[in-house]
>>> print(open('data-v4.txt').read())   # compact mmCIF, C-alpha atoms and all ligand atoms
# COMPACT_ATOMS: atom_id res chain seq x y z
CA MET I 17 -85.26 -52.93 -18.02
CA THR I 18 -84.81 -50.13 -20.56
CA LEU I 19 -87.09 -47.51 -18.97
CA ARG I 20 -87.86 -46.28 -22.50
CA THR I 21 -91.20 -44.52 -22.86
CA VAL I 22 -93.09 -42.79 -25.66
CA LEU I 23 -91.30 -39.58 -24.63
CA CYS I 24 -87.94 -41.15 -25.46
CA ASP I 25 -89.19 -42.08 -28.92
CA ARG I 26 -90.70 -38.64 -29.49
CA LEU I 27 -87.55 -36.73 -28.43
CA GLY I 28 -84.90 -39.24 -29.52
CA ILE I 29 -83.50 -39.71 -26.01
CA GLU I 30 -82.51 -42.83 -24.12
CA TYR I 31 -84.05 -42.17 -20.70
CA PRO I 32 -87.23 -40.21 -19.88
CA ILE I 33 -85.31 -37.67 -17.80
CA VAL I 34 -85.39 -33.97 -18.69
CA GLN I 35 -83.27 -31.25 -17.08
CA SER I 36 -85.05 -27.93 -16.64
CA GLY I 37 -83.77 -25.06 -18.83
CA MET I 38 -83.10 -22.94 -15.79
CA GLY I 39 -82.38 -19.29 -16.47
CA GLY I 40 -78.99 -18.30 -15.02
CA VAL I 41 -78.18 -21.91 -14.03
CA ALA I 42 -78.40 -24.16 -17.09
CA GLY I 43 -75.55 -23.32 -19.45
CA PRO I 44 -73.99 -25.42 -22.22
CA GLU I 45 -71.97 -27.68 -19.89
CA LEU I 46 -74.98 -28.70 -17.81
CA ALA I 47 -77.27 -29.29 -20.79
CA ALA I 48 -74.59 -31.23 -22.70
CA GLU I 49 -73.76 -33.47 -19.71
CA VAL I 50 -77.40 -34.44 -19.27
CA SER I 51 -77.86 -35.13 -22.99
CA LYS I 52 -74.61 -37.11 -23.15
CA ALA I 53 -75.90 -39.32 -20.31
CA GLY I 54 -79.06 -40.10 -22.28
CA GLY I 55 -81.50 -37.53 -20.84
CA LEU I 56 -82.63 -34.27 -22.40
CA GLY I 57 -80.50 -31.30 -21.36
CA ILE I 58 -82.08 -27.88 -21.85
CA LEU I 59 -80.25 -24.56 -22.12
CA GLY I 60 -81.75 -21.67 -20.17
CA GLY I 61 -82.51 -18.88 -22.66
CA LEU I 62 -83.79 -16.26 -20.23
CA LEU I 63 -82.39 -12.76 -20.88
CA LYS I 64 -79.84 -13.99 -23.43
CA THR I 65 -79.22 -11.95 -26.53
CA ALA I 66 -79.36 -13.62 -29.94
CA ASP I 67 -75.56 -13.74 -30.13
CA GLN I 68 -75.20 -15.29 -26.67
CA LEU I 69 -77.86 -17.89 -27.33
CA ARG I 70 -76.45 -18.84 -30.74
CA ASP I 71 -73.02 -19.21 -29.21
CA GLU I 72 -74.32 -21.41 -26.38
CA ILE I 73 -76.32 -23.64 -28.74
CA ARG I 74 -73.16 -24.16 -30.77
CA GLN I 75 -71.22 -24.94 -27.58
CA VAL I 76 -73.73 -27.68 -26.72
CA ARG I 77 -73.39 -29.08 -30.24
CA ALA I 78 -69.61 -29.08 -29.90
CA LEU I 79 -69.97 -31.16 -26.71
CA THR I 80 -72.58 -33.68 -27.84
CA ALA I 81 -74.41 -34.86 -30.95
CA ARG I 82 -77.43 -35.90 -28.83
CA PRO I 83 -80.75 -34.00 -28.73
CA PHE I 84 -81.04 -30.99 -26.42
CA GLY I 85 -83.48 -28.15 -25.87
CA VAL I 86 -83.61 -24.39 -25.38
CA ASN I 87 -86.00 -22.76 -22.91
CA LEU I 88 -87.68 -19.36 -23.22
CA TRP I 89 -89.95 -17.42 -20.90
CA LEU I 90 -93.05 -16.23 -22.78
CA HIS I 91 -94.64 -14.16 -20.04
CA GLN I 92 -97.15 -11.57 -21.25
CA GLU I 93 -95.40 -8.93 -19.15
CA LEU I 94 -92.24 -9.51 -21.22
CA ARG I 95 -93.87 -9.34 -24.67
CA PRO I 96 -93.09 -6.45 -24.59
CA PRO I 97 -91.73 -5.75 -21.08
CA VAL I 98 -93.90 -3.60 -18.79
CA PRO I 99 -92.89 0.03 -19.51
CA ALA I 100 -91.23 2.18 -16.87
CA HIS I 101 -94.18 4.61 -16.64
CA ALA I 102 -96.45 1.76 -15.46
CA ILE I 103 -94.60 1.67 -12.13
CA ALA I 104 -95.82 4.36 -9.74
CA ASP I 105 -93.16 6.48 -7.99
CA ALA I 106 -94.64 5.50 -4.61
CA THR I 107 -94.39 1.78 -5.41
CA LEU I 108 -90.76 2.14 -6.45
CA ALA I 109 -89.99 4.18 -3.32
CA GLN I 110 -91.52 1.52 -1.05
CA ALA I 111 -89.47 -1.23 -2.71
CA GLN I 112 -86.27 0.79 -2.59
CA GLY I 113 -86.94 1.60 1.09
CA VAL I 114 -86.79 -2.08 2.07
CA LEU I 115 -83.92 -2.81 -0.28
CA ASN I 116 -81.88 0.06 1.19
CA ALA I 117 -81.93 -1.66 4.58
CA PHE I 118 -80.43 -4.74 2.88
CA ARG I 119 -77.90 -2.57 1.02
CA ALA I 120 -76.75 -0.99 4.27
CA ARG I 121 -76.01 -4.42 5.77
CA LEU I 122 -74.09 -5.48 2.65
CA GLY I 123 -72.06 -2.25 2.57
CA LEU I 124 -73.76 -1.02 -0.63
CA PRO I 125 -74.78 2.61 -1.25
CA PRO I 126 -78.52 3.38 -0.97
CA SER I 127 -80.55 3.85 -4.15
CA THR I 128 -83.79 5.50 -5.19
CA ALA I 129 -83.16 4.90 -8.88
CA ARG I 130 -85.62 3.43 -11.38
CA PRO I 131 -83.75 0.47 -12.91
CA ALA I 132 -83.46 -0.14 -16.65
CA PRO I 133 -86.47 -2.16 -17.90
CA PRO I 134 -86.05 -5.85 -18.66
CA PRO I 135 -84.80 -6.20 -22.26
CA ASP I 136 -87.18 -7.25 -25.04
CA LEU I 137 -85.39 -10.38 -26.31
CA ILE I 138 -88.00 -13.08 -26.94
CA ALA I 139 -88.46 -12.56 -30.70
CA GLU I 140 -84.73 -12.57 -31.47
CA ALA I 141 -84.07 -15.57 -29.19
CA PHE I 142 -86.87 -17.51 -30.87
CA GLN I 143 -85.43 -16.72 -34.30
CA VAL I 144 -82.07 -18.16 -33.18
CA ILE I 145 -83.80 -21.37 -32.05
CA LEU I 146 -85.37 -21.64 -35.52
CA ASP I 147 -82.19 -20.77 -37.41
CA GLU I 148 -80.06 -23.18 -35.38
CA ARG I 149 -82.76 -25.87 -35.50
CA ALA I 150 -82.43 -26.68 -31.82
CA PRO I 151 -84.02 -30.15 -31.47
CA VAL I 152 -86.47 -29.03 -28.74
CA TRP I 153 -88.02 -25.69 -27.80
CA SER I 154 -89.24 -25.59 -24.21
CA THR I 155 -91.43 -22.82 -22.79
CA ILE I 156 -92.78 -21.50 -19.53
CA PHE I 157 -95.64 -18.99 -19.15
CA GLY I 158 -97.21 -17.93 -22.39
CA PRO I 159 -98.99 -19.71 -23.99
CA PRO I 160 -96.80 -19.93 -27.11
CA ASP I 161 -98.42 -18.61 -30.30
CA ARG I 162 -99.73 -21.23 -32.71
CA ALA I 163 -97.61 -19.63 -35.45
CA MET I 164 -94.45 -20.12 -33.37
CA ILE I 165 -95.28 -23.79 -32.83
CA ASP I 166 -95.96 -24.24 -36.56
CA GLU I 167 -92.60 -22.60 -37.40
CA CYS I 168 -90.88 -25.10 -35.09
CA HIS I 169 -92.66 -28.07 -36.60
CA ARG I 170 -91.73 -27.00 -40.14
CA ARG I 171 -88.10 -27.29 -39.03
CA GLY I 172 -88.50 -30.55 -37.10
CA ILE I 173 -88.24 -28.83 -33.70
CA ALA I 174 -90.37 -30.45 -30.95
CA VAL I 175 -92.21 -28.07 -28.61
CA ILE I 176 -92.75 -28.76 -24.92
CA ALA I 177 -94.56 -26.32 -22.65
CA MET I 178 -94.87 -26.25 -18.89
CA VAL I 179 -98.21 -25.73 -17.15
CA ALA I 180 -99.58 -25.90 -13.61
CA THR I 181 -103.24 -26.72 -14.33
CA ALA I 182 -105.18 -29.19 -16.51
CA GLU I 183 -106.97 -26.29 -18.20
CA ASP I 184 -103.69 -24.74 -19.35
CA ALA I 185 -102.51 -28.19 -20.49
CA ARG I 186 -105.58 -28.48 -22.76
CA THR I 187 -104.86 -25.00 -24.15
CA ILE I 188 -101.26 -25.69 -25.12
CA VAL I 189 -102.06 -29.10 -26.59
CA ALA I 190 -104.82 -27.54 -28.71
CA LEU I 191 -102.17 -25.11 -30.01
CA GLY I 192 -100.01 -28.05 -31.14
CA CYS I 193 -97.41 -28.64 -28.39
CA ASP I 194 -95.76 -32.07 -28.58
CA ALA I 195 -95.47 -32.72 -24.85
CA VAL I 196 -96.65 -31.07 -21.64
CA VAL I 197 -94.63 -30.55 -18.48
CA ALA I 198 -97.04 -30.86 -15.53
CA GLN I 199 -95.54 -28.69 -12.83
CA GLY I 200 -96.71 -29.55 -9.33
CA SER I 201 -96.56 -26.88 -6.66
CA GLU I 202 -93.58 -28.52 -4.93
CA ALA I 203 -91.48 -27.28 -7.84
CA GLY I 204 -88.53 -24.95 -7.44
CA GLY I 205 -88.47 -21.71 -9.40
CA HIS I 206 -91.40 -19.96 -10.99
CA ARG I 207 -94.98 -21.17 -10.88
CA ALA I 208 -95.91 -21.98 -14.50
CA THR I 209 -99.27 -20.20 -14.72
CA PHE I 210 -99.71 -18.12 -17.89
CA ALA I 211 -100.33 -14.91 -15.91
CA LYS I 212 -99.47 -14.05 -12.30
CA PRO I 213 -102.36 -15.07 -10.02
CA VAL I 214 -103.28 -12.68 -7.21
CA SER I 215 -102.30 -15.22 -4.60
CA PRO I 216 -99.66 -17.96 -4.50
CA GLU I 217 -102.49 -20.36 -3.58
CA THR I 218 -103.84 -20.24 -7.14
CA GLY I 219 -102.37 -22.77 -9.55
CA ALA I 220 -100.72 -24.52 -6.59
CA ILE I 221 -101.67 -28.16 -7.10
CA GLY I 222 -99.30 -30.78 -5.71
CA SER I 223 -97.67 -33.19 -8.18
CA MET I 224 -99.48 -36.27 -6.83
CA ALA I 225 -102.86 -34.73 -7.66
CA LEU I 226 -101.88 -32.71 -10.74
CA ILE I 227 -100.04 -35.30 -12.84
CA PRO I 228 -102.94 -37.77 -13.27
CA GLN I 229 -105.35 -34.88 -13.92
CA ILE I 230 -103.15 -33.66 -16.77
CA VAL I 231 -102.58 -37.22 -18.02
CA ASP I 232 -106.38 -37.57 -18.21
CA ALA I 233 -106.78 -34.18 -19.90
CA VAL I 234 -104.39 -34.49 -22.86
CA SER I 235 -103.32 -37.00 -25.49
CA VAL I 236 -99.63 -36.04 -25.73
CA PRO I 237 -96.85 -37.34 -23.42
CA VAL I 238 -96.86 -35.73 -19.97
CA ILE I 239 -93.58 -34.95 -18.21
CA ALA I 240 -93.95 -34.77 -14.44
CA ALA I 241 -92.17 -32.01 -12.53
CA GLY I 242 -92.09 -30.74 -8.98
CA GLY I 243 -90.38 -32.33 -6.00
CA ILE I 244 -88.77 -35.17 -7.98
CA ALA I 245 -85.11 -35.73 -7.18
CA ASP I 246 -84.44 -39.47 -7.42
CA GLY I 247 -85.41 -42.75 -9.07
CA ARG I 248 -88.33 -43.32 -6.71
CA GLY I 249 -89.80 -40.08 -8.03
CA LEU I 250 -89.39 -41.28 -11.62
CA VAL I 251 -91.22 -44.54 -10.86
CA ALA I 252 -93.98 -42.67 -9.01
CA ALA I 253 -94.41 -40.30 -11.97
CA LEU I 254 -94.63 -43.23 -14.41
CA ALA I 255 -97.19 -44.88 -12.12
CA LEU I 256 -99.30 -41.71 -12.29
CA GLY I 257 -99.32 -41.95 -16.07
CA ALA I 258 -96.47 -39.58 -16.93
CA ALA I 259 -94.07 -40.50 -19.75
CA GLY I 260 -91.06 -38.96 -18.02
CA ILE I 261 -89.82 -36.46 -15.47
CA LEU I 262 -88.28 -33.00 -15.49
CA MET I 263 -86.03 -32.01 -12.61
CA GLY I 264 -84.75 -28.57 -11.72
CA THR I 265 -83.56 -28.43 -8.11
CA ARG I 266 -81.66 -31.75 -8.37
CA PHE I 267 -79.67 -30.33 -11.29
CA VAL I 268 -78.94 -27.00 -9.53
CA ALA I 269 -76.87 -29.02 -7.06
CA THR I 270 -74.48 -30.43 -9.65
CA ARG I 271 -70.92 -29.56 -10.59
CA GLU I 272 -71.93 -28.16 -14.00
CA SER I 273 -74.72 -25.85 -12.82
CA THR I 274 -73.69 -22.20 -12.72
CA ALA I 275 -75.58 -21.51 -9.47
CA ALA I 276 -73.66 -19.57 -6.83
CA GLU I 277 -71.62 -21.71 -4.44
CA ALA I 278 -73.55 -20.35 -1.42
CA TRP I 279 -76.76 -21.55 -3.07
CA LYS I 280 -75.41 -25.05 -3.83
CA LYS I 281 -74.13 -25.33 -0.26
CA SER I 282 -77.51 -24.26 1.15
CA LEU I 283 -79.29 -26.89 -0.95
CA LEU I 284 -77.18 -29.59 0.67
CA GLU I 285 -77.74 -28.20 4.18
CA ARG I 286 -81.44 -27.32 4.21
CA ASP I 287 -84.41 -29.70 4.57
CA GLY I 288 -87.73 -30.08 2.76
CA ASP I 289 -89.45 -27.49 4.99
CA SER I 290 -87.01 -24.71 4.03
CA THR I 291 -88.82 -23.27 1.03
CA THR I 292 -91.39 -20.52 0.54
CA VAL I 293 -93.40 -19.22 -2.40
CA THR I 294 -92.57 -15.58 -2.88
CA ASP I 295 -92.69 -12.79 -5.47
CA VAL I 296 -90.00 -10.65 -3.86
CA PHE I 297 -87.14 -11.75 -6.12
CA THR I 298 -88.65 -11.31 -9.60
CA GLY I 299 -92.22 -10.04 -9.22
CA LEU I 300 -93.68 -13.48 -10.05
CA TRP I 301 -94.56 -16.31 -7.65
CA ALA I 302 -91.66 -18.70 -7.31
CA ARG I 303 -90.47 -21.27 -4.78
CA ALA I 304 -87.13 -20.48 -3.16
CA LEU I 305 -85.21 -21.21 0.02
CA ARG I 306 -86.39 -18.91 2.81
CA ASN I 307 -83.76 -16.37 3.80
CA ARG I 308 -83.58 -12.88 5.31
CA PHE I 309 -84.47 -11.33 1.95
CA THR I 310 -87.73 -13.32 1.53
CA GLU I 311 -88.82 -12.97 5.15
CA GLU I 312 -87.97 -9.32 5.80
CA TYR I 313 -89.25 -8.08 2.45
CA ARG I 314 -92.55 -9.90 3.00
CA ALA I 315 -92.83 -8.62 6.59
CA SER I 316 -92.27 -5.05 5.38
CA GLY I 317 -95.50 -5.15 3.36
CA ALA I 318 -93.75 -3.43 0.42
CA PRO I 319 -95.15 -4.44 -2.98
CA ALA I 320 -93.16 -6.39 -5.57
CA LEU I 321 -92.59 -4.64 -8.92
CA PRO I 322 -93.84 -6.27 -12.18
CA THR I 323 -92.19 -9.24 -13.91
CA LEU I 324 -88.37 -9.01 -13.80
CA TRP I 325 -88.48 -5.35 -12.74
CA GLN I 326 -88.27 -6.67 -9.19
CA ALA I 327 -85.10 -8.60 -10.11
CA ALA I 328 -83.67 -5.52 -11.83
CA VAL I 329 -84.26 -3.21 -8.86
CA ALA I 330 -82.40 -5.58 -6.51
CA ARG I 331 -79.67 -6.67 -8.92
CA ASP I 332 -76.87 -4.91 -7.01
CA ILE I 333 -77.94 -6.73 -3.83
CA SER I 334 -77.99 -10.22 -5.34
CA ALA I 335 -74.69 -9.57 -7.14
CA GLU I 336 -72.99 -8.45 -3.91
CA ALA I 337 -74.49 -11.32 -1.88
CA ILE I 338 -73.23 -13.83 -4.46
CA ARG I 339 -69.80 -12.18 -4.45
CA ALA I 340 -69.66 -12.26 -0.65
CA GLY I 341 -71.09 -15.82 -0.47
CA ASP I 342 -73.92 -14.56 1.76
CA PRO I 343 -77.00 -16.83 1.39
CA ASP I 344 -79.21 -14.37 3.30
CA TYR I 345 -79.67 -12.17 0.24
CA VAL I 346 -79.13 -14.55 -2.73
CA PRO I 347 -82.28 -15.70 -4.61
CA MET I 348 -81.97 -19.48 -4.16
CA TRP I 349 -84.78 -21.14 -6.14
CA SER I 350 -85.52 -24.56 -4.75
CA GLY I 351 -88.27 -27.14 -4.76
CA GLN I 352 -89.46 -29.13 -1.76
CA GLY I 353 -87.26 -32.01 -2.91
CA VAL I 354 -84.32 -30.11 -1.42
CA GLY I 355 -84.41 -32.48 1.56
CA LEU I 356 -83.40 -35.29 -0.82
CA LEU I 357 -80.12 -33.65 -1.86
CA HIS I 358 -77.01 -34.83 -0.04
CA SER I 359 -74.26 -34.54 -2.62
CA LEU I 360 -72.94 -32.42 -5.48
CA PRO I 361 -72.45 -34.92 -8.32
CA GLY I 362 -71.85 -34.34 -12.01
CA ALA I 363 -75.08 -33.92 -13.99
CA GLY I 364 -74.41 -37.10 -15.98
CA ASP I 365 -74.10 -39.01 -12.69
CA VAL I 366 -77.53 -37.70 -11.69
CA VAL I 367 -79.08 -39.22 -14.82
CA GLU I 368 -77.29 -42.54 -14.28
CA THR I 369 -78.19 -42.65 -10.58
CA VAL I 370 -81.87 -41.88 -11.20
CA VAL I 371 -82.02 -44.65 -13.81
CA ARG I 372 -80.33 -47.13 -11.45
CA GLU I 373 -82.61 -46.13 -8.54
CA ALA I 374 -85.72 -46.36 -10.71
CA ARG I 375 -84.86 -49.90 -11.78
CA ALA I 376 -84.28 -50.86 -8.14
CA ALA I 377 -87.54 -49.19 -7.09
CA LEU I 378 -89.47 -51.11 -9.75
CA ASP I 379 -87.93 -54.41 -8.58
CA ALA I 380 -88.68 -53.54 -4.96
CA LEU I 381 -92.28 -52.71 -5.85
CA ALA I 382 -92.79 -56.07 -7.50
CA SER I 383 -91.57 -57.88 -4.39
CA ARG I 384 -93.43 -55.63 -1.91
CA VAL I 385 -96.91 -55.92 -3.35
CA ARG I 386 -98.64 -59.26 -2.73
CA ARG I 387 -100.53 -60.51 -5.78
C1 LIG V 401 -83.14 -22.62 -10.20
C2 LIG V 401 -84.34 -22.85 -11.04
C3 LIG V 401 -84.51 -22.06 -12.17
C4 LIG V 401 -85.59 -22.30 -13.02
N1 LIG V 401 -85.70 -21.56 -14.15
C5 LIG V 401 -86.64 -21.92 -15.07
C6 LIG V 401 -86.64 -21.29 -16.36
O1 LIG V 401 -85.86 -20.38 -16.65
N2 LIG V 401 -87.55 -21.74 -17.25
C7 LIG V 401 -88.44 -22.74 -16.96
O2 LIG V 401 -89.20 -23.14 -17.85
N3 LIG V 401 -88.48 -23.29 -15.74
C8 LIG V 401 -87.60 -22.92 -14.80
N4 LIG V 401 -87.60 -23.54 -13.57
C9 LIG V 401 -88.72 -24.44 -13.17
C10 LIG V 401 -88.50 -25.87 -13.61
O3 LIG V 401 -88.69 -25.93 -14.99
C11 LIG V 401 -89.39 -26.92 -12.95
O4 LIG V 401 -90.74 -26.60 -12.98
C12 LIG V 401 -88.99 -27.24 -11.53
O5 LIG V 401 -87.62 -27.10 -11.33
C13 LIG V 401 -89.41 -28.65 -11.17
O6 LIG V 401 -89.37 -28.85 -9.79
P1 LIG V 401 -88.05 -29.27 -8.95
O7 LIG V 401 -87.25 -28.02 -8.86
O8 LIG V 401 -88.62 -29.71 -7.67
O9 LIG V 401 -87.35 -30.33 -9.71
C14 LIG V 401 -86.54 -23.31 -12.70
C15 LIG V 401 -86.36 -24.08 -11.55
C16 LIG V 401 -85.28 -23.87 -10.72
C17 LIG V 401 -85.11 -24.71 -9.50
>>> encode(input="data-v4.txt", output="structure tokens", more="lines below")
Ligand SMILES: Cc1cc2nc3c(=O)[nH]c(=O)nc-3n(C[C@H](O)[C@H](O)[C@H](O)COP(=O)(O)O)c2cc1C
Amino acid sequence: MTLRTVLCDRLGIEYPIVQSGMGGVAGPELAAEVSKAGGLGILGGLLKTADQLRDEIRQVRALTARPFGVNLWLHQELRPPVPAHAIADATLAQAQGVLNAFRARLGLPPSTARPAPPPDLIAEAFQVILDERAPVWSTIFGPPDRAMIDECHRRGIAVIAMVATAEDARTIVALGCDAVVAQGSEAGGHRATFAKPVSPETGAIGSMALIPQIVDAVSVPVIAAGGIADGRGLVAALALGAAGILMGTRFVATRESTAAEAWKKSLLERDGDSTTVTDVFTGLWARALRNRFTEEYRASGAPALPTLWQAAVARDISAEAIRAGDPDYVPMWSGQGVGLLHSLPGAGDVVETVVREARAALDALASRVRR
């Protein structure tokens, strides 16, 4: 059983398994290992300068001749980034008040400072993707501009965009995207709505319900994401009409991911009920492992600053927590599939295992269902 789907033909890959281009986690080693094993590895492009991104794309190419992708965040609040004057002094003071309690526990000095704004890097990163002719451009938020998609197509670059609703799927397909990632609300990391909804309830449709709705809504291959961490998930996604899967959390817990050790260890220890959807780490809704940071910040009632400003204002805290190996204050993005993780394999082994499990699940299905 080859497990080849239309997605494999479209992207030139052997298995319909895509690794999420996770900012801060998916570097050249992870992406190359996944691509070498026959899936599609994707480099995280978030907050990388043109030089860094070019260098990493070339590192992937030095490791494998197989197709790979590069991911960019296209959030409206980053194009350009929200300016400093848009953040009220009182809002900043409230945030710093809560963060100073965390700093005290970590032995850090208190701060009332306004952090440097998130850098404006999307245009230069996109130009690198074009210049280097990365085989696939993957996006979250947005939507991407039609002109950007056209530029990619002129160079033979396939475009895949992630969405959390059928309406957004129709929008990005009308713009010309080649495949859609349908992100169910079980997913780890950021909720893929174009703008931040007022509540985390909005755009929170579980994979089981979302995937067939998006399959029905669009004519391009649909890649299922959210809560999938093994071969049973791949078979389930195919049964719902998807042409492949994208996994994030499963690939965080691999040898090649650059996630902090305390985070990887927590993923192996915690169960499926350990996550929460919170905006306290970056300013946008995202699913992460609950820890003292998520719970105490939320309980304080302090607001979260706009997109990535919230990450910038707490950067000293996350850096110190990572250094000290203290999971209470590290942002540990995770999907609800965390309860399925019991080992820290190589990323290529993940692809091979999922393929093996999917074949076994298909065989088991055939023998379990009476005809
Ligand atoms: C640690 C982590 C970081 C992520 N960073 C990004 C990112 O930078 N860009 C992006 O498009 N998606 C990102 N995602 C979301 C994934 O693309 C995807 O929707 C999700 O991981 C799928 O659910 P799963 O984690 O249950 O596999 C991230 C996910 C995780 C877990």
>>> closest_residue(input="data-v4.txt", among="I:Val98, I:Met17, I:Leu324, I:Ala78", to="ligand LIG 401 (chain V)", atoms="only C-alpha atoms and all ligand atoms")
I:Leu324
>>> atom_distance(input="data-v4.txt", atom1="atom CA of Asp295 of chain I", atom2="atom CA of Leu137 of chain I")
22.2 Å
>>> closest_residue(input="data-v4.txt", among="I:Ala275, I:Ala203, I:Ala252, I:Ile165", to="Trp301 of chain I", atoms="only C-alpha atoms")
I:Ala203
>>> residues_near_ligand(input="data-v4.txt", ligand="ligand LIG 401 (chain V)", cutoff="7 Å", atoms="only C-alpha atoms and all ligand atoms", output="VMD selection string")
chain I and resid 36 to 39 41 60 62 87 to 89 154 to 156 178 199 202 to 206 241 to 245 262 to 266 268 348 to 353
>>> closest_residue(input="data-v4.txt", among="I:Ser334, I:Thr294, I:Gln326, I:Ser282", to="Leu108 of chain I", atoms="all atoms listed in the file")
I:Gln326
>>> residues_around(input="data-v4.txt", residues="Val236 of chain I", least_positions_apart="3", cutoff="8 Å", atoms="all atoms listed in the file", output="list in words")
Val189, Asp194, Ala195 and Val196 of chain I
>>> residues_around(input="data-v4.txt", residues="Phe297 of chain I", least_positions_apart="4", cutoff="8 Å", atoms="only C-alpha atoms", output="PDB file with C-alpha atoms, keeping the file's coordinate frame")
ATOM      1  CA  THR I 310     -87.730 -13.320   1.530  1.00  0.00           C
ATOM      2  CA  GLN I 326     -88.270  -6.670  -9.190  1.00  0.00           C
ATOM      3  CA  ALA I 327     -85.100  -8.600 -10.110  1.00  0.00           C
ATOM      4  CA  ALA I 330     -82.400  -5.580  -6.510  1.00  0.00           C
ATOM      5  CA  PRO I 347     -82.280 -15.700  -4.610  1.00  0.00           C
TER       6      PRO I 347
END
>>> closest_residue(input="data-v4.txt", among="I:Leu254, I:Ala233, I:Leu226, I:Ile138", to="Val22 of chain I", atoms="all atoms listed in the file")
I:Leu254
>>> build_atoms(input="data-v4.txt", residues="segment 106-118 of chain I", atoms="N, CA, C and O atoms", output="mmCIF file, keeping the file's coordinate frame")
data_model
loop_
_atom_site.group_PDB
_atom_site.id
_atom_site.type_symbol
_atom_site.label_atom_id
_atom_site.label_comp_id
_atom_site.auth_asym_id
_atom_site.auth_seq_id
_atom_site.Cartn_x
_atom_site.Cartn_y
_atom_site.Cartn_z
ATOM 1 N N ALA I 106 -94.474 5.932 -6.005
ATOM 2 C CA ALA I 106 -94.640 5.500 -4.610
ATOM 3 C C ALA I 106 -94.306 4.014 -4.458
ATOM 4 O O ALA I 106 -93.701 3.603 -3.458
ATOM 5 N N THR I 107 -94.678 3.222 -5.466
ATOM 6 C CA THR I 107 -94.390 1.780 -5.410
ATOM 7 C C THR I 107 -92.889 1.554 -5.432
ATOM 8 O O THR I 107 -92.337 0.773 -4.646
ATOM 9 N N LEU I 108 -92.222 2.274 -6.340
ATOM 10 C CA LEU I 108 -90.760 2.140 -6.450
ATOM 11 C C LEU I 108 -90.098 2.574 -5.133
ATOM 12 O O LEU I 108 -89.180 1.909 -4.639
ATOM 13 N N ALA I 109 -90.592 3.666 -4.559
ATOM 14 C CA ALA I 109 -89.990 4.180 -3.320
ATOM 15 C C ALA I 109 -90.134 3.172 -2.186
ATOM 16 O O ALA I 109 -89.203 2.970 -1.392
ATOM 17 N N GLN I 110 -91.313 2.525 -2.115
ATOM 18 C CA GLN I 110 -91.520 1.520 -1.050
ATOM 19 C C GLN I 110 -90.534 0.361 -1.216
ATOM 20 O O GLN I 110 -89.939 -0.105 -0.252
ATOM 21 N N ALA I 111 -90.390 -0.108 -2.461
ATOM 22 C CA ALA I 111 -89.470 -1.230 -2.710
ATOM 23 C C ALA I 111 -88.043 -0.807 -2.369
ATOM 24 O O ALA I 111 -87.330 -1.527 -1.641
ATOM 25 N N GLN I 112 -87.640 0.345 -2.849
ATOM 26 C CA GLN I 112 -86.270 0.790 -2.590
ATOM 27 C C GLN I 112 -86.030 1.010 -1.082
ATOM 28 O O GLN I 112 -84.920 0.798 -0.586
ATOM 29 N N GLY I 113 -87.079 1.396 -0.365
ATOM 30 C CA GLY I 113 -86.940 1.600 1.090
ATOM 31 C C GLY I 113 -86.498 0.311 1.769
ATOM 32 O O GLY I 113 -85.566 0.311 2.589
ATOM 33 N N VAL I 114 -87.161 -0.791 1.453
ATOM 34 C CA VAL I 114 -86.790 -2.080 2.070
ATOM 35 C C VAL I 114 -85.410 -2.503 1.584
ATOM 36 O O VAL I 114 -84.563 -2.948 2.378
ATOM 37 N N LEU I 115 -85.189 -2.348 0.287
ATOM 38 C CA LEU I 115 -83.920 -2.810 -0.280
ATOM 39 C C LEU I 115 -82.747 -2.006 0.291
ATOM 40 O O LEU I 115 -81.642 -2.545 0.453
ATOM 41 N N ASN I 116 -82.986 -0.736 0.639
ATOM 42 C CA ASN I 116 -81.880 0.060 1.190
ATOM 43 C C ASN I 116 -81.429 -0.454 2.557
ATOM 44 O O ASN I 116 -80.243 -0.330 2.905
ATOM 45 N N ALA I 117 -82.346 -1.055 3.300
ATOM 46 C CA ALA I 117 -81.930 -1.660 4.580
ATOM 47 C C ALA I 117 -80.988 -2.835 4.300
ATOM 48 O O ALA I 117 -79.987 -3.033 4.994
ATOM 49 N N PHE I 118 -81.298 -3.607 3.246
ATOM 50 C CA PHE I 118 -80.430 -4.740 2.880
ATOM 51 C C PHE I 118 -79.080 -4.208 2.384
ATOM 52 O O PHE I 118 -78.020 -4.738 2.716
#
